[in-house]
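Down below is the structure, laid out as structure tokens.
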Amino acid sequence: MDEKLLKPYDPKNTEERIYKLWEDSGFFNPDNLPGERDKAFTIVMPPPNANGDLHAGHTLFITLEDIMTRYKRMQGYKALWIPGADHAGFETQVVYEKKLEKEGRSRFGMDPEDLYKEILDFTLFNKKNMENQVRSMGASCDWSREKFTLDPDVVEKTQKAFIKMWKDGLAYRGKRTINWCFKHQTSLSEVETESTEEVSPFYYFKYGPFEIGTVRPETKFADKYVVMHPEDTRYAEYTHGQKLIVEWINGPIEATVIKDAVVDMEFGTGVMTITPWHSQVDYELAKKYNLDTEQIIGWDGKLLPVAGEFAGIKIKEARPKIVEKLKEKGLLIKVDGNYKNVIKKCYKCATVIEPQIKDQWFVKMEPLAKMALDSVDRGEIKFIPDNYEKIFRYWMENNIDWNISRQIVWGINIPAWFHDDEVVASIEKPDGEGWIKDTDTFDTWFSSGQWPLMVTDFPEGKDFNTYYPTDVMETGHDLIFKWVPRMVIFGLYLGGKAPFHTVYLHGLVNDAKGKKMSKSKGNVVNPLTLTDKFGTDALRMALIVGNTPGTDLALQEDKVKAYKNFANKMWNATRFVLENTKDFTLPENAEYDEEDKKTDEELKELVKEITAEMDEYKFYLVAEKLYHYFWHSFADIIIERSKKKIIENRNADSAKALLLNQLNTLVVALHPFMPFITEEIWSMIPHHENKQKNLLIIQSWPK
RNA sequence: GCGCGGUUAGCUCAGUUGGUAGAGCAACCCGUUUACACCGGGAAGGUCGUAGGUUCGAGUCCUACACCGCGCACCA
């Protein structure tokens, strides 16, 4: 018997050694798997951001995907799990800008190439760190196929996809209202903003004969259109297009009356002035009536010269000053202090988003979203849990054209050129003089949306034929609208097929009290401290048992500890079995006494049950049932019963065969969940299947 | 405002097509028996958020409401 068994199970001295065994075996790569395997099973790992340490959420998704991959590998599939690393465009740039800030530097004024190089070094360093952490979680992914979102072929394919979309009329350059973050000085897509409800003072001002309401007086300098509902009897005397002179912030201006049904007669006074440059609704109106648009707030968040004496002042500081001035001029009527409105903020720095009009690249979403919806209608994509299909549909049905331009260096450059009013999407500089290169980069989701295609070597690689479409996309439920639809769209548009048939969504990993982990609250649990203390297998079990898909999880240390105890239980049970079967050779077909036969059948029944549940992605049930069976049937009943039989030498062979067979089966079935300890135990116990000893990772799932 | 999810034992959560409520942890009592005290045995603990409805029968289906969480929203 192995000496190690005499001491308690020691994850620290086991896990690294076992992982190396697996990696050296080459079995993570399906090309090296033994036996004939005609069916492929593929999972694309959501590439972790290469800009910091892994958190508990990563451990959860790695565990889930590893369970699926190991299960299918044991079932004889060409099981492929493709790892990756994400440069994470804006996210990483934000992390790096914080680092610069600490060092008293700023990205503004830096040479873009130098900045890019610095961030690249930073990212590559973190990438290595991240990969090692993924390894430590036991991920059986094929590192030989790993991709980074800035690999040259990925960059090239991303740019080519963009050019194809431009030629197909699906990507266009246009002026639209975009979400502008002053701090980061870039535009952001809808999913990169967060809306919060706040109470803001709502001001009523006298505007000529009208009374107008606003929360944003600082945008009102150039408001020269006053809008009311055509059927509002209160303002019947005013006609569309009528001009009046009104006294305003910096003196009298000429105002034009616009009558349009967008105005809600019930709201405020039923009259509003518009600021097309800084409001989507207003911009729509301006386009409709061909009105002037003028920028009031600069890209740096300060008022422009149009603001007169307020020029150069930040909007926050300008607001009270402007209100004060209007008050002095007798134009302030009243202030409502209880007005609730929704404010959009940058999801990274919480800077208030300023709508601005800007020339940007947009993806025309409607035809693409329709393709995605049709695919779901045809039943090509299933969601787990299924209520997420609704959310998916909602996003596809209420699509807004997608702004893919980012004014940051960290990302894939948009291959486009400008010449006066001309725009060309091309990697090479177009013929002729005077072309200016677009310096913007793609929204990171533009490239990661193509990820299942990229990692299977679309379009001509051999992996594409074998592994695309992939099988399961396992990811966080918050990515149901950020990432999943974009992958579906690109998969259908470029690859001709939906990129996966099943979307499995996991919930958030929260702290022990169920509160969201965040650095500012200081309740972040580092998974590495837990694995260090209790072992990786224990943490994996704690994250899986009872954790239904789509539901958030409260991570309690006690739970992890419980599965550490379980690992030790397995260890000690193994010791008992080995000690009591030293002089025993396990026959191919064991002969059981009646009692043991019944027990043998019970386990077979359980295996049948859990196999069905594995196929339904109910890992939370399987893990719990195996835990329960191992502890309360195998250890508590079967082992205890065997003691008597062995001592009394009554049906001892039956008992010994049962011990070995049950332990074998349980170790195999538990392997996807607790890969390290099961592999270690497997190496120490005798088994009759596969006479030549081999690693547990490639053993067959019990039938 | 709209949408989604949740509300089951002290805590964290399961509960598959409606048929007498489950697990783990914690707490309690007893126990050092040839694996294991990171253990064993035992007992305790819930009118399943509220109110209606369908049904022979509802934690499970329907309706309304309450509270918690999350997402979405261009009413100035």
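Just so we're on the same page: first chain in the structure tokens is A, next is B, and so on; residues restart at 1 for each chain, and ligands are numbered from 1 in the order they show up.
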Query raised in the report: Got a sec: who's within 8 Å of A76 of chain B, counting only C-alpha atoms (C1' of nucleotides), leaving out chain neighbours fewer than 4 positions off, as a ChimeraX atom specification?
Result: /A:213-214,272-274
Query raised in the report: Mind listing as an MDAnalysis selection string which residues of chain A are within 8 Å of chain B, counting only C-alpha atoms (C1' of nucleotides)?
Result: chainID A and resid 213:214 263:264 267 272:274 279:281 387 391 546:547 554 556 558:559 562 564:566 568:569 572:577 621 624
Query raised in the report: Leaving out segment 308-315 of chain A and any residue of its chain fewer than 2 positions from it, which residues lie within 9 Å of it when counting only C-alpha atoms (C1' of nucleotides), given as a ChimeraX atom specification?
Result: /A:218-219,221,250,297-298,300-306,317-319,321-322
Report task. Report as an NGL selection string: the residues of segment 241-341 of chain A with a DSSP assignment of strand (DSSP E), based on the backbone of this structure. Result -> :A and (243-248 or 251-259 or 271-273 or 332-341)
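The neighbours of segment 453-464 of chain A here are the residues that come within 8 Å of it, using only C-alpha atoms (C1' of nucleotides) and leaving out any residue fewer than 5 positions away in the same chain; they are Val44, Ile82, Arg145, Glu146, Lys147, Val154, Lys157, Pro469, Gly491, Gly495 and Pro499 of chain A.
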Report task. Would you mind reading off the distance between atom CA of Arg378 of chain A and atom CA of Asp471 of chain A, one decimal, in Å? Result -> 16.6 Å
Query - Neighbour list for Gln356 of chain A as a ChimeraX atom specification, cut-off 12 Å, only C-alpha atoms (C1' of nucleotides), skip fewer than 4 positions in-chain - result: /A:175-182,185-188,219,275-280,282-283,293-301,360
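Relative to atom CA of Lys329 of chain A, atom CA of Met228 of chain A is found at 24.5 Å.
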